[in-house]
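Asker: So I've got this file, final_5.tsv, and it contains TSV, C-alpha atoms:
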chain	number	residue	atom	x	y	z
A	52	MET	CA	86.33	163.42	66.62
A	53	GLN	CA	84.42	166.62	67.35
A	54	VAL	CA	87.17	168.75	65.80
A	55	GLU	CA	86.78	166.88	62.50
A	56	LEU	CA	83.00	167.18	62.68
A	57	ILE	CA	83.16	170.92	63.31
A	58	LYS	CA	85.40	171.30	60.28
A	59	LYS	CA	82.89	169.42	58.08
A	60	TYR	CA	79.94	171.36	59.47
A	61	GLN	CA	81.72	174.67	58.97
A	62	GLU	CA	82.41	173.78	55.33
A	63	THR	CA	78.72	172.97	54.73
A	64	PHE	CA	77.71	176.15	56.53
A	65	GLU	CA	80.04	178.40	54.54
A	66	THR	CA	79.29	176.73	51.20
A	67	THR	CA	75.57	177.34	51.76
A	68	GLN	CA	76.15	181.00	52.63
A	69	ASN	CA	78.35	181.53	49.57
A	70	SER	CA	75.78	179.88	47.31
A	71	LEU	CA	73.10	182.27	48.54
A	72	LYS	CA	75.37	185.24	47.82
A	73	GLU	CA	76.23	183.98	44.35
A	74	ASN	CA	72.61	183.15	43.45
A	75	SER	CA	70.66	186.16	44.65
A	76	GLU	CA	67.58	185.32	42.54
A	77	TRP	CA	66.04	183.68	45.62
A	78	ILE	CA	65.56	187.08	47.29
A	79	ASN	CA	62.92	188.44	44.92
A	80	ARG	CA	61.36	185.00	44.53
A	81	TYR	CA	60.83	184.53	48.25
A	82	ALA	CA	59.55	188.08	48.58
A	83	GLY	CA	56.95	187.11	45.99
A	84	TYR	CA	56.15	183.92	47.90
A	85	ALA	CA	55.64	185.95	51.08
A	86	ASP	CA	53.20	188.28	49.30
A	87	MET	CA	51.16	185.32	48.02
A	88	PHE	CA	51.22	183.57	51.38
A	89	LYS	CA	49.89	186.65	53.13
A	90	LYS	CA	47.32	187.35	50.42
A	91	ASN	CA	45.84	183.83	50.21
A	92	GLU	CA	45.87	182.74	53.84
A	93	GLU	CA	42.39	183.99	54.70
A	94	ALA	CA	40.89	182.22	51.66
A	95	PHE	CA	42.35	178.86	52.79
A	96	LEU	CA	41.35	179.44	56.41
A	97	LYS	CA	37.75	179.99	55.31
A	98	HIS	CA	37.45	176.30	54.44
A	99	LEU	CA	39.58	174.80	57.22
A	100	ASP	CA	36.88	174.18	59.84
A	101	THR	CA	34.46	172.79	57.25
A	102	LEU	CA	37.00	170.28	55.92
A	103	ASN	CA	38.33	169.36	59.36
A	104	ASN	CA	34.83	168.60	60.58
A	105	ALA	CA	33.78	166.78	57.43
A	106	LEU	CA	36.84	164.54	57.40
A	107	ASN	CA	36.99	164.26	61.21
A	108	LEU	CA	40.58	165.50	61.18
A	109	LYS	CA	42.40	165.65	64.50
A	110	PRO	CA	46.14	166.17	65.23
A	111	THR	CA	46.82	162.43	65.40
A	112	SER	CA	44.47	161.36	62.59
A	113	HIS	CA	45.94	159.29	59.76
A	114	LEU	CA	44.32	161.78	57.37
A	115	ALA	CA	45.66	165.35	57.23
A	116	LEU	CA	45.47	168.42	55.03
A	117	TYR	CA	48.72	169.69	53.54
A	118	LEU	CA	49.65	172.76	51.52
A	119	THR	CA	52.67	173.31	49.28
A	120	THR	CA	54.10	176.46	47.77
A	121	SER	CA	52.85	175.48	44.32
A	122	ARG	CA	49.29	175.16	45.65
A	123	ILE	CA	49.46	178.39	47.62
A	124	LYS	CA	50.65	180.25	44.52
A	125	LYS	CA	47.65	179.17	42.43
A	126	THR	CA	44.65	181.45	42.12
A	127	LYS	CA	42.41	178.39	42.48
A	128	LEU	CA	42.42	177.03	46.01
A	129	CYS	CA	43.51	173.42	46.32
A	130	PHE	CA	44.20	171.30	49.43
A	131	ASP	CA	46.36	168.18	49.42
A	132	LEU	CA	44.73	165.35	51.42
A	133	ARG	CA	47.26	162.82	52.68
A	134	PHE	CA	46.89	159.50	54.44
A	135	ARG	CA	49.87	158.66	56.66
A	136	GLY	CA	51.88	161.22	54.74
A	137	GLN	CA	50.99	159.91	51.28
A	138	SER	CA	48.93	162.09	48.91
A	139	ILE	CA	45.58	160.48	48.14
A	140	ALA	CA	43.45	163.35	46.82
A	141	GLU	CA	43.24	167.03	45.90
A	142	ILE	CA	40.28	168.94	47.31
A	143	SER	CA	39.18	172.20	45.70
A	144	PRO	CA	36.31	174.32	47.04
A	145	VAL	CA	33.61	175.27	44.54
A	146	LYS	CA	30.60	176.94	46.16
A	147	ASN	CA	27.93	176.42	48.77
A	148	ASP	CA	30.12	174.09	50.84
A	149	LYS	CA	30.74	171.78	47.89
A	150	TYR	CA	34.10	170.56	46.70
A	151	ASN	CA	35.81	169.01	43.71
A	152	VAL	CA	37.83	165.94	44.69
A	153	LYS	CA	40.48	164.46	42.42
A	154	PHE	CA	41.97	161.19	43.60
A	155	ALA	CA	45.65	160.39	43.26
A	156	LYS	CA	46.67	157.20	41.49
A	157	ASP	CA	48.57	154.39	43.18
A	158	LYS	CA	51.70	152.82	41.71
A	159	LYS	CA	49.57	150.57	39.54
A	160	GLY	CA	47.73	153.53	38.05
A	161	ARG	CA	44.50	152.84	39.94
A	162	ASN	CA	42.52	155.65	41.51
A	163	ARG	CA	42.40	155.54	45.28
A	164	ASN	CA	38.67	155.95	45.36
A	165	GLU	CA	36.64	154.11	47.95
A	166	VAL	CA	33.52	156.28	47.78
A	167	LYS	CA	32.03	155.49	44.41
A	168	GLU	CA	32.98	152.76	41.95
A	169	ASN	CA	34.35	153.58	38.50
A	170	ALA	CA	34.68	157.29	39.18
A	171	ASP	CA	37.96	159.15	38.79
A	172	ASP	CA	36.89	162.47	40.23
A	173	PHE	CA	33.89	164.09	41.85
A	174	THR	CA	32.48	167.46	40.84
A	175	CYS	CA	30.71	169.52	43.49
A	176	MET	CA	30.92	166.80	46.12
A	177	PRO	CA	28.70	167.64	49.12
A	178	ILE	CA	30.21	167.67	52.58
A	179	ASP	CA	28.26	164.53	53.49
A	180	LEU	CA	30.06	162.61	50.77
A	181	LEU	CA	33.40	163.85	52.04
A	182	LYS	CA	32.44	162.31	55.37
A	183	GLU	CA	31.79	159.06	53.53
A	184	LEU	CA	35.28	159.25	52.02
A	185	ASN	CA	36.75	159.22	55.51
A	186	LYS	CA	34.60	156.27	56.59
A	187	ARG	CA	35.31	154.10	53.59
A	188	LEU	CA	38.99	154.82	53.03
A	189	ASN	CA	40.70	151.45	52.63
A	190	ASN	CA	43.82	151.62	54.77
A	191	GLU	CA	45.32	148.42	53.41
A	192	ASP	CA	45.03	149.54	49.81
A	193	ILE	CA	47.55	152.36	50.15
A	194	GLU	CA	51.27	151.73	49.93
A	195	HIS	CA	53.25	153.70	52.47
A	196	ASN	CA	56.60	155.39	52.38
A	197	LYS	CA	58.20	154.67	55.76
A	198	GLU	CA	59.72	158.12	56.15
A	199	HIS	CA	56.45	159.83	55.22
A	200	LEU	CA	54.65	157.69	57.79
A	201	ILE	CA	57.10	158.59	60.57
A	202	GLU	CA	56.95	162.26	59.57
A	203	SER	CA	53.15	162.21	59.68
A	204	VAL	CA	53.04	160.59	63.11
A	205	LEU	CA	55.61	163.00	64.55
A	206	LEU	CA	53.77	166.01	63.13
A	207	GLY	CA	50.57	164.71	64.68
A	208	ASN	CA	52.20	164.24	68.05
A	209	PHE	CA	53.89	167.65	67.96
A	210	SER	CA	50.53	169.24	67.03
A	211	LEU	CA	48.76	168.15	70.21
A	212	PRO	CA	47.61	171.30	72.02
A	213	ASP	CA	48.60	170.10	75.50
A	214	ALA	CA	51.80	168.55	76.86
A	215	ALA	CA	49.93	165.41	77.90
A	216	GLY	CA	50.55	162.69	75.33
A	217	LYS	CA	53.33	164.55	73.53
A	218	CYS	CA	56.78	163.05	73.12
A	219	PHE	CA	58.16	166.47	74.01
A	220	LYS	CA	56.53	169.52	75.44
A	221	GLY	CA	57.24	172.98	74.12
A	222	ILE	CA	57.08	172.13	70.41
A	223	GLN	CA	54.57	172.92	67.64
A	224	PRO	CA	54.87	172.45	63.86
A	225	ILE	CA	54.95	175.60	61.77
A	226	LYS	CA	51.79	175.46	59.69
A	227	TYR	CA	50.20	177.60	56.99
A	228	ALA	CA	46.49	178.41	57.22
A	229	GLY	CA	46.20	175.65	59.81
A	230	CYS	CA	47.52	173.00	57.41
A	231	ARG	CA	50.73	171.03	57.45
A	232	PHE	CA	53.22	172.82	55.29
A	233	ALA	CA	56.54	171.89	53.68
A	234	MET	CA	58.77	174.96	53.87
A	235	PRO	CA	60.67	175.24	50.56
A	236	THR	CA	64.36	176.01	50.22
A	237	PRO	CA	66.47	176.71	47.11
A	238	PHE	CA	68.83	173.80	47.88
A	239	SER	CA	69.04	170.14	46.94
A	240	ALA	CA	70.84	168.91	50.02
A	241	SER	CA	70.38	165.15	49.91
A	242	LYS	CA	74.13	164.73	49.30
A	243	ALA	CA	75.19	167.18	51.98
A	244	LYS	CA	76.35	164.18	54.03
A	245	ASP	CA	79.15	163.89	51.46
A	246	GLY	CA	79.92	167.58	51.55
A	247	LYS	CA	77.95	168.37	48.36
A	248	VAL	CA	75.60	171.34	48.47
A	249	LYS	CA	73.65	172.15	45.32
A	250	TYR	CA	71.79	175.40	44.72
A	251	SER	CA	68.70	174.37	42.75
A	252	GLY	CA	66.57	177.50	42.72
A	253	PHE	CA	62.83	176.83	42.65
A	254	ARG	CA	63.54	173.10	42.33
A	255	GLY	CA	65.12	172.96	45.79
A	256	GLY	CA	64.10	170.60	48.55
A	257	SER	CA	61.86	171.31	51.51
A	258	ILE	CA	62.35	170.98	55.26
A	259	ASP	CA	61.10	167.67	56.66
A	260	ILE	CA	59.75	169.03	59.94
A	261	PHE	CA	59.77	172.76	60.65
A	262	THR	CA	58.78	173.82	64.17
A	263	ARG	CA	58.61	176.46	66.84
A	264	THR	CA	60.04	175.45	70.21
A	265	THR	CA	60.21	176.85	73.72
A	266	GLY	CA	61.75	180.32	73.91
A	267	LYS	CA	60.51	181.43	70.46
A	268	HIS	CA	63.11	179.29	68.74
A	269	ILE	CA	62.82	177.96	65.22
A	270	SER	CA	63.83	174.34	64.72
A	271	VAL	CA	64.80	172.67	61.46
A	272	ILE	CA	64.48	168.89	61.73
A	273	GLU	CA	65.91	166.50	59.16
A	274	LEU	CA	64.22	163.12	59.44
A	275	LYS	CA	65.69	159.73	58.52
A	276	ASP	CA	63.77	156.47	58.80
A	277	GLU	CA	66.73	154.22	59.64
A	278	SER	CA	68.95	154.05	62.69
A	279	ALA	CA	72.66	153.27	62.80
A	280	GLU	CA	72.04	149.68	63.87
A	281	GLU	CA	70.05	149.07	60.68
A	282	GLU	CA	73.04	149.78	58.48
A	283	ALA	CA	71.63	153.18	57.64
A	284	LYS	CA	72.96	154.89	54.57
A	285	GLU	CA	73.54	158.01	56.64
A	286	LEU	CA	74.89	158.22	60.16
A	287	PRO	CA	73.29	160.99	62.24
A	288	GLU	CA	76.52	162.97	62.53
A	289	ASP	CA	76.65	163.07	58.70
A	290	ALA	CA	72.94	163.42	57.94
A	291	ILE	CA	72.65	166.53	60.10
A	292	ARG	CA	74.61	168.41	57.42
A	293	GLN	CA	71.40	168.48	55.37
A	294	ALA	CA	69.65	170.23	58.25
A	295	ILE	CA	72.55	172.70	58.43
A	296	VAL	CA	71.96	173.68	54.78
A	297	TYR	CA	68.25	174.30	55.34
A	298	ALA	CA	68.73	176.07	58.68
A	299	THR	CA	71.36	178.37	57.16
A	300	PHE	CA	68.88	179.34	54.48
A	301	ILE	CA	66.14	180.08	57.03
A	302	ARG	CA	68.52	182.37	58.92
A	303	GLU	CA	69.46	184.25	55.73
A	304	LEU	CA	65.78	184.55	54.82
A	305	LEU	CA	65.01	186.13	58.19
A	306	ARG	CA	67.97	188.53	57.86
A	307	THR	CA	67.15	189.72	54.34
A	308	PRO	CA	64.60	192.57	54.36
A	309	LYS	CA	64.28	192.50	50.55
A	310	ALA	CA	62.99	188.92	50.86
A	311	LYS	CA	60.23	190.20	53.21
A	312	SER	CA	61.90	188.83	56.35
A	313	ASP	CA	59.33	190.38	58.72
A	314	ASP	CA	56.48	188.83	56.76
A	315	TRP	CA	58.17	185.43	56.90
A	316	TYR	CA	58.57	185.65	60.66
A	317	ASP	CA	54.85	186.37	60.87
A	318	ILE	CA	54.07	183.48	58.48
A	319	PHE	CA	56.11	181.23	60.78
A	320	GLY	CA	53.65	182.06	63.56
A	321	PHE	CA	55.48	184.68	65.61
A	322	THR	CA	53.73	187.88	66.64
A	323	SER	CA	56.89	189.82	67.52
A	324	ASN	CA	59.64	191.23	65.32
A	325	VAL	CA	62.57	189.09	64.25
A	326	PRO	CA	64.78	188.95	67.36
A	327	LYS	CA	68.15	190.67	67.47
A	328	LYS	CA	69.79	187.29	67.91
A	329	LEU	CA	68.56	184.12	66.24
A	330	ASN	CA	69.41	180.70	67.61
A	331	ILE	CA	68.06	178.11	65.19
A	332	LYS	CA	67.91	174.58	66.54
A	333	THR	CA	69.31	172.30	63.84
A	334	ILE	CA	68.26	168.73	64.50
A	335	ILE	CA	68.69	165.24	63.10
A	336	ALA	CA	65.82	162.88	63.95
A	337	MET	CA	65.93	159.12	63.48
A	338	PRO	CA	64.97	155.87	65.23
A	339	TYR	CA	66.65	155.15	68.55
A	340	SER	CA	69.76	153.00	68.65
A	341	ASP	CA	72.53	152.66	71.22
A	342	LYS	CA	74.87	153.14	68.26
A	343	ASN	CA	73.56	156.59	67.44
A	344	SER	CA	76.21	159.22	68.05
A	345	THR	CA	75.76	162.28	70.26
A	346	SER	CA	79.21	163.68	69.52
A	347	PHE	CA	77.80	166.72	67.72
A	348	LYS	CA	75.34	167.87	70.37
A	349	ASN	CA	75.42	171.59	71.20
A	350	ILE	CA	78.00	172.40	68.52
A	351	LYS	CA	77.32	175.95	67.41
A	352	LEU	CA	77.93	177.51	64.01
A	353	ASN	CA	78.19	181.29	64.23
A	354	PHE	CA	77.20	183.94	61.73
A	355	PRO	CA	79.95	186.57	61.85
A	356	GLU	CA	79.17	189.95	63.45
A	357	SER	CA	75.52	189.15	64.12
A	358	GLY	CA	75.28	186.94	67.18
A	359	ASP	CA	73.11	184.50	65.22
A	360	THR	CA	73.86	180.81	65.61
A	361	LEU	CA	72.86	177.36	64.49
A	362	GLU	CA	72.85	174.96	67.41
A	363	LEU	CA	73.12	171.25	66.57
A	364	HIS	CA	71.01	168.63	68.30
A	365	TYR	CA	69.74	165.07	68.02
A	366	PHE	CA	66.29	163.58	68.52
A	367	TYR	CA	66.15	159.78	68.67
A	368	PHE	CA	62.83	157.96	69.08
A	369	ASP	CA	61.76	154.34	69.30
A	370	LYS	CA	60.39	152.52	66.26
A	371	ASP	CA	56.87	152.42	67.67
A	372	LEU	CA	56.85	156.23	67.84
A	373	LYS	CA	55.54	156.12	71.37
A	374	GLN	CA	56.95	157.65	74.54
A	375	LYS	CA	60.54	156.43	74.46
A	376	ALA	CA	62.58	159.24	73.00
A	377	ILE	CA	65.76	161.11	73.76
A	378	THR	CA	66.96	164.54	72.69
A	379	SER	CA	69.79	166.93	73.49
A	380	LEU	CA	67.27	169.78	73.65
A	381	LYS	CA	67.05	170.27	77.40
A	382	GLU	CA	63.83	172.27	77.30
A	383	LEU	CA	62.10	169.44	75.45
A	384	ASN	CA	63.67	166.38	77.05
A	385	ARG	CA	61.26	164.97	79.60
A	386	VAL	CA	61.42	161.27	78.77
A	387	ASP	CA	64.90	159.87	79.17
A	388	LYS	CA	67.08	161.72	81.69
A	389	ASN	CA	70.03	159.34	81.41
A	390	ASP	CA	71.81	159.95	78.14
A	391	ASN	CA	73.95	156.83	77.72
A	392	HIS	CA	74.47	157.04	73.97
A	393	ASN	CA	77.90	156.55	72.46
A	394	SER	CA	79.91	159.54	71.38
Give the structure from the file, written as C-alpha cells.
Answerer:
Amino acid sequence: MQVELIKKYQETFETTQNSLKENSEWINRYAGYADMFKKNEEAFLKHLDTLNNALNLKPTSHLALYLTTSRIKKTKLCFDLRFRGQSIAEISPVKNDKYNVKFAKDKKGRNRNEVKENADDFTCMPIDLLKELNKRLNNEDIEHNKEHLIESVLLGNFSLPDAAGKCFKGIQPIKYAGCRFAMPTPFSASKAKDGKVKYSGFRGGSIDIFTRTTGKHISVIELKDESAEEEAKELPEDAIRQAIVYATFIRELLRTPKAKSDDWYDIFGFTSNVPKKLNIKTIIAMPYSDKNSTSFKNIKLNFPESGDTLELHYFYFDKDLKQKAITSLKELNRVDKNDNHNS
C-alpha cells in the first residue's frame, strides 16, 4: 500500500513544483507581500494590546483577531474579529483609542449586532463600548462552520504559552502582528485528493493551520472535520495531498531569494537565517477514529540536490477537542504512547 501512496504523493509533489516553474508570477507578487507585511506590522501591533484588553481576548477565547493578506495590503488598518472561527465584525482604528466597527451579516442578512439596536455600524466606538460588545455577544445567534470551530479551538490550544493544558507541547501557530493569520498560497488544492492541482494565482487557497514546532521546524497542517468512521469524503491518506501542495509552495518560497525568502522566514517568527536544510512537517489533522490510517507516517518527499524534505505525519484528536490525541510527531506526542491505529 505504501508504494502506491508514495507514487501518488510524488506526483502531487512534482506537479506542484512544475506549476511554480511555469507560473513564475508568484515570485514578484510574494516579494511585494513581504514588503507590505514588514512595513505594516508595527502599525497593527500598536493596537494589539488595546484590543486584546478591551475584548478580553485570551488564547482559548471564543473571540479572536485575525488578519488576511487583503487586509494587510490595505493602507487603512482593519482587523477581522471572529467568533469560533466565523467572521462577525471588522474593526478599524480611528484616533484617540476609538474604533470603527462594521458588523458582518448572518445568512439571513441580519447584522450580528448585540450592542445597540437598529445600528449597522459604529463610528468612533470608544473602548468601553467594545468591552460591551464582548459581554453582550449572543453565542446562540451565530451559525457555526464545524471546521472553522475546530480550527479555532486548535489554534487556541496551540497558542497557550506553557505546555500545561496543551494537546501537544513544542508547537505554536505562526501569527502576524500577534493575530491569527491565514498564510496564502497560489494553489487551489481542494481536489488534490484526486490528483488535481490547480495554480490559481492570487485566488489560491490558504493553509488551515500554519505552525512552528520543536527544532525550528515549520508545519503545514491540513484540517478536516470528519473522521473515516463518519463516511468522510476524504480519507486521511488522500487528504494529506492538499497539505503536500501547500508545504511544497512554502519550501519554494523559502528557497527563492527574489521572493524575499529571508524576509518570509522572519515573518514566520524565526530570528535566524533560513537553514541549509529544511524539513517541513506536512500533516493531516482530523477527528480520531480507529479506522484512520497511519500508513503514510514518516514518508519523505525529497527536493533534489538540496537536502530539503517534506515529512508526512498525522494528527488525530477526539471530537471534544480535549486531551485525547495521537500524532506521529514524536517530539509532540505526549498523550497516547500506544499507536494501535490501522495501517
Asker: Which one of A:Asn151, A:Ser257, A:Thr66, A:Gln293 sits closest to A:Lys275 if you count all atoms listed in the file?
Answerer: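 Of A:Asn151, A:Ser257, A:Thr66, A:Gln293, the one nearest A:Lys275 is A:Gln293, counting all atoms listed in the file.
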Asker: From the set A:Gln53, A:Ser210, A:Ser312, A:Thr63, which residue has the shortest atom-to-atom contact distance to A:Gly246, counting all atoms listed in the file?
Answerer: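 So, comparing all the options, the nearest one is A:Thr63.
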Asker: Which distance in Å separates atom CA of A:Ser346 and atom CA of A:Leu361, to one decimal?
Answerer: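 Atom CA of A:Ser346 sits 15.9 Å away from atom CA of A:Leu361.
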Asker: Would you list the residues near (52.5, 158.6, 51.2) (no more than 8 Å away, in the coordinates of the file, using all atoms listed in the file) as a ChimeraX atom specification?
Answerer: /A:133-139,194-196,199-200
Asker: Would you mind telling me which residue in A:Leu132, A:Leu286, A:Ala233, A:Val296 lies nearest to A:Ile258 when using all atoms listed in the file?
Answerer: A:Ala233
Asker: Please return, as a VMD selection string, all polymer residues that have at least one atom within 12 Å of the point (58.9, 169.3, 74.4); use all atoms listed in the file and the file's own coordinate frame.
Answerer: chain A and resid 208 to 224 262 to 266 270 366 374 376 to 386
Asker: Nearest residue to A:Arg231 out of A:Leu128, A:Leu116, A:Val325, A:Ala336, using all atoms listed in the file?
Answerer: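 Smallest distance to A:Arg231 is found for A:Leu116.
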Asker: In Å to one decimal, how far is atom CA of A:Pro235 from atom CA of A:Lys97?
Answerer: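 A separation of 23.9 Å between them.
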Asker: From the set A:Arg80, A:Lys267, A:Ser340, A:Asp359, which residue has the shortest atom-to-atom contact distance to A:Arg306, counting all atoms listed in the file?
Answerer: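 Distance minimum relative to A:Arg306 lands on A:Asp359.
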Asker: What does the distance from atom CA of A:Thr67 to atom CA of A:Ile295 come to in Å, to one decimal?
Answerer: 8.7 Å
Asker: Emit as AutoDock Vina command-line options the padded axis-aligned box for all listed atoms of stretch 262-266 of chain A, 5 Å per side, with centre and edge lengths in Å to one decimal.
Answerer:
--center_x 60.2 --center_y 177.1 --center_z 69.0 --size_x 13.1 --size_y 16.5 --size_z 19.7
Asker: May I ask which of the residues A:Lys89, A:Tyr117, A:Lys124, A:Gly358 is the closest one to A:Glu141, counting only C-alpha atoms?
Answerer: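 The closest residue to A:Glu141 is A:Tyr117.
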